[in-house]
>>> print(open('final.txt').read())   # compact mmCIF, C-alpha atoms
# COMPACT_ATOMS: atom_id res chain seq x y z
CA MET A 1 -128.78 173.18 69.16
CA THR A 2 -132.03 175.10 69.33
CA THR A 3 -131.95 178.57 70.85
CA LEU A 4 -134.92 179.97 72.69
CA SER A 5 -136.67 182.88 71.11
CA PRO A 6 -137.12 186.04 73.17
CA PHE A 7 -140.75 184.96 73.64
CA HIS A 8 -139.58 182.13 75.91
CA VAL A 9 -137.29 184.24 78.07
CA THR A 10 -138.79 185.00 81.46
CA PRO A 11 -138.61 188.76 82.11
CA PRO A 12 -136.75 189.80 85.31
CA ILE A 13 -139.89 191.27 86.88
CA VAL A 14 -141.72 187.97 86.41
CA LYS A 15 -138.80 186.09 87.98
CA THR A 16 -138.86 188.50 90.92
CA LEU A 17 -142.59 188.04 91.46
CA LEU A 18 -142.33 184.26 91.13
CA GLY A 19 -139.56 184.32 93.74
CA TRP A 20 -142.16 185.47 96.26
CA LYS A 21 -144.47 182.59 95.44
CA LYS A 22 -145.75 180.77 98.54
CA GLY A 23 -145.41 177.04 98.91
CA ASP A 24 -142.71 175.07 97.12
CA SER A 25 -140.74 177.69 95.21
CA SER A 26 -137.96 175.30 94.20
CA GLU A 27 -139.98 174.37 91.15
CA VAL A 28 -142.17 177.07 89.64
CA ASP A 29 -144.79 175.42 87.50
CA LYS A 30 -145.42 176.71 84.00
CA TRP A 31 -149.00 177.69 84.80
CA SER A 32 -147.93 179.99 87.66
CA GLU A 33 -145.40 181.60 85.35
CA LYS A 34 -148.07 182.21 82.71
CA ALA A 35 -150.47 183.61 85.33
CA VAL A 36 -147.82 186.10 86.52
CA LYS A 37 -146.85 187.03 82.95
CA SER A 38 -150.51 187.68 82.16
CA LEU A 39 -150.88 189.93 85.20
CA VAL A 40 -147.63 191.82 84.50
CA LYS A 41 -148.79 192.51 80.96
CA LYS A 42 -152.09 193.96 82.23
CA LEU A 43 -150.48 196.03 85.00
CA LYS A 44 -147.92 197.59 82.66
CA LYS A 45 -150.83 199.29 80.95
CA THR A 46 -152.29 200.61 84.21
CA GLY A 47 -149.08 201.41 86.08
CA GLY A 48 -149.91 199.03 88.94
CA LEU A 49 -146.76 196.94 88.73
CA ASP A 50 -144.79 198.90 91.34
CA GLU A 51 -147.71 198.72 93.76
CA LEU A 52 -147.91 194.93 93.28
CA LYS A 53 -144.20 194.56 94.09
CA LYS A 54 -144.65 196.79 97.13
CA ALA A 55 -147.69 194.86 98.38
CA ILE A 56 -146.04 191.45 98.07
CA SER A 57 -142.63 192.46 99.39
CA THR A 58 -143.96 194.41 102.39
CA GLN A 59 -147.10 192.30 103.00
CA ASP A 60 -148.81 195.59 103.76
CA THR A 61 -152.62 195.85 103.69
CA SER A 62 -152.39 199.63 103.45
CA THR A 63 -151.06 199.37 99.88
CA LYS A 64 -153.34 200.62 97.12
CA CYS A 65 -155.82 198.60 95.08
CA ILE A 66 -154.21 196.78 92.15
CA THR A 67 -156.86 196.40 89.49
CA ILE A 68 -157.45 194.70 86.17
CA PRO A 69 -160.51 195.27 83.95
CA SER A 70 -163.47 193.04 84.77
CA SER A 71 -164.02 192.64 81.04
CA ASP A 72 -160.80 190.60 80.88
CA PHE A 73 -162.39 187.71 82.76
CA ARG A 74 -166.15 188.25 82.78
CA SER A 75 -166.76 185.18 80.66
CA LEU A 76 -169.90 183.09 80.83
CA ASP A 77 -168.78 181.54 84.10
CA GLY A 78 -167.07 184.71 85.42
CA ARG A 79 -163.58 183.25 85.57
CA LEU A 80 -160.18 184.18 84.17
CA GLN A 81 -158.59 181.65 81.84
CA VAL A 82 -154.85 181.15 81.84
CA SER A 83 -153.52 178.40 79.58
CA HIS A 84 -156.69 176.27 79.59
CA ARG A 85 -157.17 176.55 83.37
CA LYS A 86 -159.80 178.82 84.85
CA GLY A 87 -160.13 180.61 88.16
CA LEU A 88 -161.34 183.87 89.66
CA PRO A 89 -158.48 186.39 89.39
CA HIS A 90 -158.23 187.41 93.05
CA VAL A 91 -158.28 183.72 94.04
CA ILE A 92 -155.49 182.87 91.58
CA TYR A 93 -153.16 185.55 92.95
CA CYS A 94 -154.08 185.07 96.62
CA ARG A 95 -153.28 181.38 96.15
CA LEU A 96 -150.01 182.23 94.41
CA TRP A 97 -148.67 184.74 96.94
CA ARG A 98 -150.47 183.97 100.21
CA TRP A 99 -152.38 180.69 100.62
CA PRO A 100 -151.33 177.80 98.33
CA ASP A 101 -154.14 175.61 99.74
CA LEU A 102 -156.88 178.17 99.03
CA GLN A 103 -159.85 176.39 97.46
CA ASN A 104 -162.19 179.12 96.18
CA HIS A 105 -163.59 182.62 96.65
CA GLN A 106 -165.92 181.62 99.49
CA GLU A 107 -162.84 181.45 101.72
CA LEU A 108 -161.94 185.10 101.07
CA ARG A 109 -163.29 188.38 102.38
CA ALA A 110 -162.13 191.79 101.13
CA ILE A 111 -160.74 194.25 103.67
CA GLU A 112 -162.93 197.33 104.28
CA SER A 113 -160.55 199.76 102.61
CA CYS A 114 -160.56 197.85 99.30
CA GLU A 115 -162.47 200.01 96.79
CA TRP A 116 -162.47 197.49 93.94
CA ALA A 117 -163.18 194.25 95.79
CA PHE A 118 -164.37 191.34 93.67
CA HIS A 119 -167.84 191.12 95.26
CA MET A 120 -168.59 194.74 94.28
CA LYS A 121 -168.77 193.63 90.62
CA ARG A 122 -167.37 196.94 89.33
CA GLU A 123 -165.67 197.57 85.99
CA GLU A 124 -162.29 196.91 87.61
CA VAL A 125 -161.42 194.23 90.16
CA CYS A 126 -158.68 194.37 92.78
CA VAL A 127 -156.16 191.51 92.73
CA ASN A 128 -153.95 192.82 95.55
CA PRO A 129 -153.49 189.64 97.61
CA TYR A 130 -153.16 191.73 100.77
CA HIS A 131 -156.58 193.30 100.25
CA TYR A 132 -158.22 189.98 101.12
CA THR A 133 -158.34 188.03 104.35
CA ARG A 134 -159.03 184.34 104.70
CA ILE A 135 -162.09 183.13 106.56
CA GLU A 136 -161.23 180.47 109.09
CA PRO A 137 -164.10 178.32 110.38
CA PRO A 138 -164.75 178.82 114.09
CA VAL A 139 -163.34 176.10 116.32
CA LEU A 140 -166.17 174.24 118.00
CA PRO A 141 -165.57 173.39 121.66
CA PRO A 142 -165.71 169.68 122.48
CA VAL A 143 -168.87 168.43 124.15
CA LEU A 144 -168.36 166.95 127.62
CA VAL A 145 -170.20 163.63 127.59
CA PRO A 146 -170.83 161.44 130.67
CA ARG A 147 -170.21 157.71 130.23
CA HIS A 148 -172.85 155.01 130.34
CA THR A 149 -176.00 156.95 130.93
CA GLU A 150 -179.23 155.04 130.79
CA VAL A 151 -179.91 153.79 127.29
CA PRO A 152 -183.58 153.17 126.54
CA ASP A 153 -184.52 149.52 125.99
CA LYS A 154 -186.31 150.55 122.82
CA MET A 155 -184.74 153.08 120.51
CA PRO A 156 -186.76 156.33 120.34
CA GLN A 157 -188.55 157.06 117.09
CA LEU A 158 -187.69 160.13 115.07
CA GLU A 159 -190.60 162.05 113.62
CA ASN A 160 -190.69 161.28 109.91
CA TYR A 161 -190.98 164.71 108.32
CA ALA A 162 -191.20 163.09 104.90
CA MET A 163 -194.69 161.88 105.74
CA THR A 164 -196.04 164.88 107.68
CA VAL A 165 -197.86 167.93 106.30
CA PRO A 166 -195.57 170.85 107.17
CA GLU A 167 -196.33 174.54 107.48
CA ASN A 168 -195.07 176.87 104.77
CA THR A 169 -193.23 180.17 104.77
CA ASP A 170 -191.72 182.42 102.13
CA PHE A 171 -188.28 183.94 102.36
CA PRO A 172 -187.66 186.66 103.23
CA THR A 173 -190.57 186.81 105.64
CA GLY A 174 -192.34 189.94 106.76
CA ASN A 175 -191.12 192.27 103.99
CA ASN A 176 -190.07 192.40 100.37
CA GLU A 177 -186.35 192.84 100.96
CA ILE A 178 -184.11 190.38 99.11
CA PHE A 179 -180.77 189.34 100.58
CA ASN A 180 -178.21 188.57 97.90
CA LEU A 181 -175.41 186.22 98.78
CA PRO A 182 -172.11 188.09 98.57
CA GLU A 183 -169.07 186.42 97.06
CA THR A 184 -168.24 185.39 100.60
CA PRO A 185 -171.11 184.75 103.01
CA PRO A 186 -171.18 187.25 105.89
CA PRO A 187 -169.99 186.25 109.37
CA GLY A 188 -173.56 186.63 110.63
CA TYR A 189 -176.66 186.09 108.58
CA ILE A 190 -178.71 189.25 107.93
CA SER A 191 -182.10 188.86 109.54
CA GLU A 192 -185.24 190.84 108.81
CA ASP A 193 -184.56 193.34 111.59
CA GLY A 194 -180.97 193.94 110.51
CA ASP A 195 -179.36 191.91 113.28
CA THR A 196 -176.08 190.45 112.04
CA THR A 197 -174.96 188.44 115.06
CA ASP A 198 -174.24 184.74 114.93
CA ASN A 199 -176.51 184.01 117.88
CA GLN A 200 -179.90 184.59 116.30
CA GLY A 201 -182.55 182.15 117.33
CA MET A 202 -180.39 180.88 120.18
CA ASP A 203 -182.58 182.29 122.94
CA SER A 204 -184.08 178.88 123.49
CA VAL A 205 -180.65 177.32 124.07
CA ASP A 206 -179.59 177.37 127.70
CA VAL A 207 -175.82 177.72 127.52
CA ASN A 208 -175.68 177.81 131.33
CA SER A 209 -177.19 174.35 131.77
CA PRO A 210 -175.88 172.18 134.66
CA SER A 211 -172.32 170.96 134.46
CA PRO A 212 -171.77 167.36 133.40
CA PRO A 213 -170.57 164.74 135.93
CA MET A 214 -166.92 164.41 136.83
CA ASP A 215 -166.47 161.29 134.68
CA ALA A 216 -167.39 163.18 131.50
CA GLU A 217 -165.13 162.82 128.48
CA PRO A 218 -164.67 165.49 125.78
CA VAL A 219 -165.97 164.53 122.32
CA SER A 220 -164.73 166.86 119.58
CA TYR A 221 -166.18 167.83 116.22
CA ILE A 222 -164.14 166.57 113.25
CA ASP A 223 -164.69 167.77 109.69
CA PRO A 224 -165.02 164.66 107.49
CA PRO A 225 -163.54 164.35 103.97
CA TYR A 226 -167.06 164.67 102.52
CA TRP A 227 -169.02 167.38 104.31
CA CYS A 228 -172.37 166.19 102.95
CA SER A 229 -173.98 163.34 101.02
CA ILE A 230 -176.85 164.02 98.62
CA ALA A 231 -179.50 161.56 97.46
CA TYR A 232 -181.86 162.40 94.57
CA TYR A 233 -185.53 161.34 94.50
CA GLU A 234 -188.39 161.45 92.03
CA LEU A 235 -191.63 161.21 94.00
CA ASN A 236 -190.93 158.33 96.41
CA ASN A 237 -188.29 156.65 94.21
CA ARG A 238 -184.57 156.99 94.91
CA VAL A 239 -182.74 157.65 91.62
CA GLY A 240 -179.02 157.24 90.93
CA GLU A 241 -176.07 156.98 93.30
CA THR A 242 -175.40 159.13 96.34
CA PHE A 243 -173.26 162.21 95.63
CA HIS A 244 -170.49 162.86 98.18
CA ALA A 245 -169.42 166.51 98.40
CA SER A 246 -165.74 167.21 99.05
CA GLN A 247 -165.67 170.82 97.80
CA PRO A 248 -166.97 173.73 99.92
CA SER A 249 -169.11 174.93 97.01
CA LEU A 250 -171.17 172.76 94.69
CA THR A 251 -174.19 173.01 92.42
CA VAL A 252 -177.04 170.55 91.97
CA ASP A 253 -178.44 171.23 88.50
CA GLY A 254 -180.62 169.71 85.83
CA PHE A 255 -178.03 169.52 83.07
CA THR A 256 -176.59 166.44 81.36
CA ASP A 257 -172.89 167.13 81.88
CA PRO A 258 -170.99 164.46 83.80
CA SER A 259 -171.00 165.11 87.54
CA ASN A 260 -167.72 166.17 89.14
CA SER A 261 -166.56 167.25 92.61
CA GLU A 262 -168.26 170.64 92.22
CA ARG A 263 -171.40 169.55 90.31
CA PHE A 264 -174.13 166.99 90.80
CA CYS A 265 -175.89 166.87 87.42
CA LEU A 266 -179.36 165.33 87.61
CA GLY A 267 -180.02 165.41 83.87
CA LEU A 268 -178.08 162.21 83.17
CA LEU A 269 -179.87 160.10 85.79
CA SER A 270 -182.31 157.60 84.33
CA ASN A 271 -185.47 156.15 85.89
CA ILE A 272 -187.62 153.56 84.13
CA ASN A 273 -190.59 154.60 86.31
CA ARG A 274 -190.31 158.31 85.44
CA THR A 275 -193.68 159.96 84.83
CA GLN A 276 -194.47 162.75 82.39
CA GLN A 277 -194.97 165.12 85.32
CA VAL A 278 -191.48 164.35 86.62
CA GLU A 279 -190.02 164.77 83.13
CA MET A 280 -191.60 168.21 82.77
CA THR A 281 -190.33 169.30 86.19
CA ARG A 282 -186.79 168.13 85.42
CA ARG A 283 -186.74 170.45 82.39
CA HIS A 284 -187.26 173.43 84.69
CA ILE A 285 -184.52 172.63 87.24
CA GLY A 286 -182.00 174.45 85.04
CA LYS A 287 -179.07 175.85 87.02
CA GLY A 288 -180.63 174.42 90.17
CA VAL A 289 -179.18 175.30 93.55
CA ARG A 290 -175.69 176.12 94.82
CA LEU A 291 -174.69 174.84 98.25
CA TYR A 292 -171.89 176.52 100.19
CA TYR A 293 -170.14 175.13 103.25
CA ILE A 294 -167.90 177.85 104.60
CA GLY A 295 -166.99 179.06 108.07
CA GLY A 296 -169.06 176.30 109.69
CA GLU A 297 -172.24 177.44 107.93
CA VAL A 298 -174.24 175.95 105.06
CA PHE A 299 -175.98 178.26 102.57
CA ALA A 300 -178.39 177.39 99.75
CA GLU A 301 -178.63 179.82 96.82
CA CYS A 302 -181.34 179.40 94.19
CA LEU A 303 -179.76 179.64 90.72
CA SER A 304 -182.81 178.27 88.90
CA GLU A 305 -185.47 180.40 87.26
CA SER A 306 -187.94 178.51 89.47
CA ALA A 307 -187.99 178.56 93.27
CA VAL A 308 -186.54 175.82 95.45
CA PHE A 309 -188.21 174.70 98.67
CA VAL A 310 -186.17 173.81 101.76
CA GLN A 311 -186.99 171.96 104.95
CA SER A 312 -184.17 172.53 107.44
CA PRO A 313 -184.92 171.96 111.15
CA ASN A 314 -181.79 173.91 112.12
CA CYS A 315 -182.88 176.94 110.08
CA ASN A 316 -186.43 176.61 111.41
CA GLN A 317 -185.13 176.62 115.00
CA ARG A 318 -183.28 179.88 114.32
CA TYR A 319 -186.48 181.61 113.25
CA GLY A 320 -188.73 179.98 115.83
CA TRP A 321 -190.70 178.02 113.23
CA HIS A 322 -192.02 174.47 113.59
CA PRO A 323 -189.14 172.06 112.82
CA ALA A 324 -190.90 170.70 109.73
CA THR A 325 -191.63 174.09 108.13
CA VAL A 326 -190.85 174.35 104.41
CA CYS A 327 -189.30 177.65 103.28
CA LYS A 328 -189.55 178.89 99.70
CA ILE A 329 -186.33 180.40 98.29
CA PRO A 330 -187.08 182.52 95.18
CA PRO A 331 -184.65 182.73 92.24
CA GLY A 332 -181.55 184.78 93.08
CA CYS A 333 -182.04 184.48 96.85
CA ASN A 334 -180.23 182.46 99.48
CA LEU A 335 -180.86 181.05 102.92
CA LYS A 336 -178.52 179.90 105.67
CA ILE A 337 -179.74 176.35 106.21
CA PHE A 338 -177.33 175.10 108.87
CA ASN A 339 -174.97 176.54 111.45
CA ASN A 340 -172.42 174.36 113.25
CA GLN A 341 -172.17 176.67 116.26
CA GLU A 342 -175.92 176.61 116.84
CA PHE A 343 -175.88 172.84 116.54
CA ALA A 344 -172.96 172.58 119.00
CA ALA A 345 -174.88 174.63 121.58
CA LEU A 346 -177.95 172.42 121.17
CA LEU A 347 -175.82 169.28 121.49
CA ALA A 348 -174.14 170.52 124.68
CA GLN A 349 -177.56 171.21 126.18
CA SER A 350 -179.03 167.90 125.01
CA VAL A 351 -176.21 165.84 126.56
CA ASN A 352 -177.32 167.03 129.99
CA GLN A 353 -180.90 166.03 129.20
CA GLY A 354 -180.11 162.42 128.41
CA PHE A 355 -179.71 159.93 125.61
CA GLU A 356 -183.07 160.45 123.91
CA SER A 357 -182.60 164.22 123.72
CA VAL A 358 -179.28 163.74 121.93
CA PHE A 359 -180.72 161.11 119.60
CA GLN A 360 -183.50 163.47 118.54
CA LEU A 361 -180.90 165.87 117.12
CA THR A 362 -180.30 163.35 114.33
CA ARG A 363 -183.25 164.79 112.42
CA MET A 364 -181.59 168.22 112.44
CA CYS A 365 -178.72 166.92 110.31
CA THR A 366 -180.94 166.08 107.33
CA ILE A 367 -182.17 168.77 104.94
CA ARG A 368 -184.77 168.16 102.24
CA MET A 369 -185.09 170.37 99.19
CA SER A 370 -187.49 170.20 96.23
CA PHE A 371 -187.11 171.83 92.82
CA VAL A 372 -189.81 173.84 91.03
CA LYS A 373 -192.73 172.34 93.00
CA GLY A 374 -193.26 172.96 96.70
CA TRP A 375 -194.99 170.92 99.36
CA GLY A 376 -196.84 171.53 102.61
CA ALA A 377 -200.16 172.75 103.97
CA GLU A 378 -200.46 175.53 101.37
CA TYR A 379 -199.69 173.28 98.38
CA ARG A 380 -201.51 170.54 96.52
CA ARG A 381 -198.57 168.27 97.30
CA GLN A 382 -198.48 167.91 101.07
CA THR A 383 -195.49 165.60 101.55
CA VAL A 384 -192.00 165.77 100.05
CA THR A 385 -192.49 162.31 98.49
CA SER A 386 -195.29 163.85 96.40
CA THR A 387 -192.95 166.35 94.75
CA PRO A 388 -191.56 165.38 91.32
CA CYS A 389 -187.87 166.15 92.00
CA TRP A 390 -186.21 166.52 95.38
CA ILE A 391 -182.94 165.87 97.19
CA GLU A 392 -182.03 164.83 100.70
CA ILE A 393 -178.83 166.30 102.13
CA HIS A 394 -177.09 164.48 104.99
CA LEU A 395 -174.58 166.64 106.88
CA ASN A 396 -171.85 164.15 107.66
CA GLY A 397 -169.84 166.18 110.19
CA PRO A 398 -172.74 166.79 112.63
CA LEU A 399 -174.08 163.23 112.11
CA GLN A 400 -170.73 161.65 112.89
CA TRP A 401 -170.31 163.92 115.91
CA LEU A 402 -173.69 162.76 117.19
CA ASP A 403 -172.68 159.16 116.60
CA ARG A 404 -169.51 159.56 118.70
CA VAL A 405 -171.44 161.31 121.48
CA LEU A 406 -174.09 158.55 121.57
CA VAL A 407 -171.41 155.84 121.67
CA GLN A 408 -169.73 157.67 124.56
CA MET A 409 -173.08 157.84 126.35
CA GLY A 410 -173.29 154.07 126.19
CA SER A 411 -175.35 153.30 123.12
CA PRO A 412 -174.67 150.38 120.83
CA GLY A 413 -172.97 151.98 117.81
CA LEU A 414 -175.77 153.76 116.02
CA PRO A 415 -175.60 154.23 112.24
CA CYS A 416 -176.58 157.88 112.57
CA SER A 417 -175.13 158.84 109.24
CA SER A 418 -177.80 156.83 107.46
CA MET A 419 -180.75 158.09 109.49
CA SER A 420 -183.22 160.39 107.80
>>> encode(input="final.txt", output="structure tokens")
Amino acid sequence: MTTLSPFHVTPPIVKTLLGWKKGDSSEVDKWSEKAVKSLVKKLKKTGGLDELKKAISTQDTSTKCITIPSSDFRSLDGRLQVSHRKGLPHVIYCRLWRWPDLQNHQELRAIESCEWAFHMKREEVCVNPYHYTRIEPPVLPPVLVPRHTEVPDKMPQLENYAMTVPENTDFPTGNNEIFNLPETPPPGYISEDGDTTDNQGMDSVDVNSPSPPMDAEPVSYIDPPYWCSIAYYELNNRVGETFHASQPSLTVDGFTDPSNSERFCLGLLSNINRTQQVEMTRRHIGKGVRLYYIGGEVFAECLSESAVFVQSPNCNQRYGWHPATVCKIPPGCNLKIFNNQEFAALLAQSVNQGFESVFQLTRMCTIRMSFVKGWGAEYRRQTVTSTPCWIEIHLNGPLQWLDRVLVQMGSPGLPCSSMS
């Protein structure tokens, strides 16, 4: 009979902390045990163990910061490794003791009194699970849709932005201030004049438009399993398979690693018609762009050493630009490229204006983005199909919502999710 060495004995304090684990506590997995042991070992050195027990047992946000050195996890990808699995430290322990279904750090926001919050990037980081709150996406009100409105004999045509010469703008506009994306995007995007409300650019939306008829039916927004689908193009050639995004944060990069749920790697995609110009551009995509979908908003952050160029009609509406305007995002900067609440307000207004007005919103659910090389009136390349490397992002939730609204209005089922 083999006896366990003292190394395998779970210390009482670890057992106590694991007893407070959220979710199914009947079976504590080995990884959770190792994560707690690792934290206990660190906190014994700093004297933070009693404060951790107090925070978890009382669930009190007024407890002190519980910190570990940033140097313990500031690896190349900024994550803490415990037994071959990686994760950001505050996410690991918030998931363990508060939200078992927590996906990543974009769902967390530090409370104001936290002096060592993760996004501050100080020499110590707070892992007190009660110093973070979870961001819940706003609930969108259903749109009241009248039945069987007049459907045009001929389907209206959407303006094809891929073949137009758009205006150009740089971000940020009007000054040299750079807005860095915090670890969790803010509740309201910071505009040039410092306004942080969520209703920017909504002046043109008449929220007091006439009430729908009595026979109107509510059509609700439903988040789909894949929040967006991404197609990759080289010039006017579609390359590779469509990427379906299930995770709230993903990167589109130029590397040759296999793609996974959080990465769409363009480096592996082959194209027998690839030109030398395209090949050279692909070498400069690098870390590419990170897309976030959190709290009903979509952000694009440029991780590449070269700028990315974005055409988002929803973003353009917010700033009062022409819908086809292309915005340059420099390295290290980010832009909010879609907002579900703004789209919901536009949809509610459009329903009262008829079928064609609703159908025209389809174009707002497609975002085009080029790497390294821009396009538009101020560039040699004037259409997106002239750029060497670009992607088209279809926002599945808004597209499917539009589809259900149009069906309710009396249209023959429209394949909105494939419209561009």
>>> atom_distance(input="final.txt", atom1="atom CA of A:Pro142", atom2="atom CA of A:Leu361")
16.6 Å
>>> residues_near_point(input="final.txt", point="(-156.8, 193.8, 88.8)", cutoff="7 Å", atoms="all atoms listed in the file", output="VMD selection string")
chain A and resid 66 to 69 124 to 127
>>> closest_residue(input="final.txt", among="A:Ser386, A:Asn168, A:Asn339, A:Thr16", to="A:Ser57", atoms="all atoms listed in the file")
A:Thr16
>>> residues_around(input="final.txt", residues="A:Leu395", least_positions_apart="2", cutoff="10 Å", atoms="all atoms listed in the file", output="NGL selection string")
:A and (224 or 226-230 or 245 or 298 or 338 or 362 or 364-367 or 392-393 or 397-400 or 417)
>>> residues_around(input="final.txt", residues="stretch 264-279 of chain A", least_positions_apart="5", cutoff="6 Å", atoms="only C-alpha atoms", output="PDB file with C-alpha atoms, in the coordinates of the input")
ATOM      1  CA  GLY A 240    -179.020 157.240  90.930  1.00  0.00           C
ATOM      2  CA  VAL A 252    -177.040 170.550  91.970  1.00  0.00           C
ATOM      3  CA  ASP A 253    -178.440 171.230  88.500  1.00  0.00           C
ATOM      4  CA  GLY A 254    -180.620 169.710  85.830  1.00  0.00           C
ATOM      5  CA  PHE A 255    -178.030 169.520  83.070  1.00  0.00           C
ATOM      6  CA  THR A 256    -176.590 166.440  81.360  1.00  0.00           C
ATOM      7  CA  SER A 259    -171.000 165.110  87.540  1.00  0.00           C
ATOM      8  CA  PRO A 388    -191.560 165.380  91.320  1.00  0.00           C
TER       9      PRO A 388
END
>>> closest_residue(input="final.txt", among="A:Val351, A:Val139, A:Ile294, A:Ile56", to="A:Arg98", atoms="only C-alpha atoms")
A:Ile56
>>> residues_near_point(input="final.txt", point="(-145.2, 183.1, 87.4)", cutoff="9 Å", atoms="only C-alpha atoms", output="list of chain:residue names")
A:Thr10, A:Val14, A:Lys15, A:Leu17, A:Leu18, A:Gly19, A:Lys21, A:Val28, A:Asp29, A:Lys30, A:Trp31, A:Ser32, A:Glu33, A:Lys34, A:Ala35, A:Val36, A:Lys37, A:Ser38, A:Leu96
>>> closest_residue(input="final.txt", among="A:Asp223, A:Lys336, A:Trp321, A:Cys389", to="A:Arg282", atoms="all atoms listed in the file")
A:Cys389
>>> atom_distance(input="final.txt", atom1="atom CA of A:Ser71", atom2="atom CA of A:Ser306")
29.0 Å
>>> atom_distance(input="final.txt", atom1="atom CA of A:Gly374", atom2="atom CA of A:His284")
13.4 Å
>>> closest_residue(input="final.txt", among="A:Ile135, A:Val165, A:Ala345, A:Cys327", to="A:Gly295", atoms="only C-alpha atoms")
A:Ile135
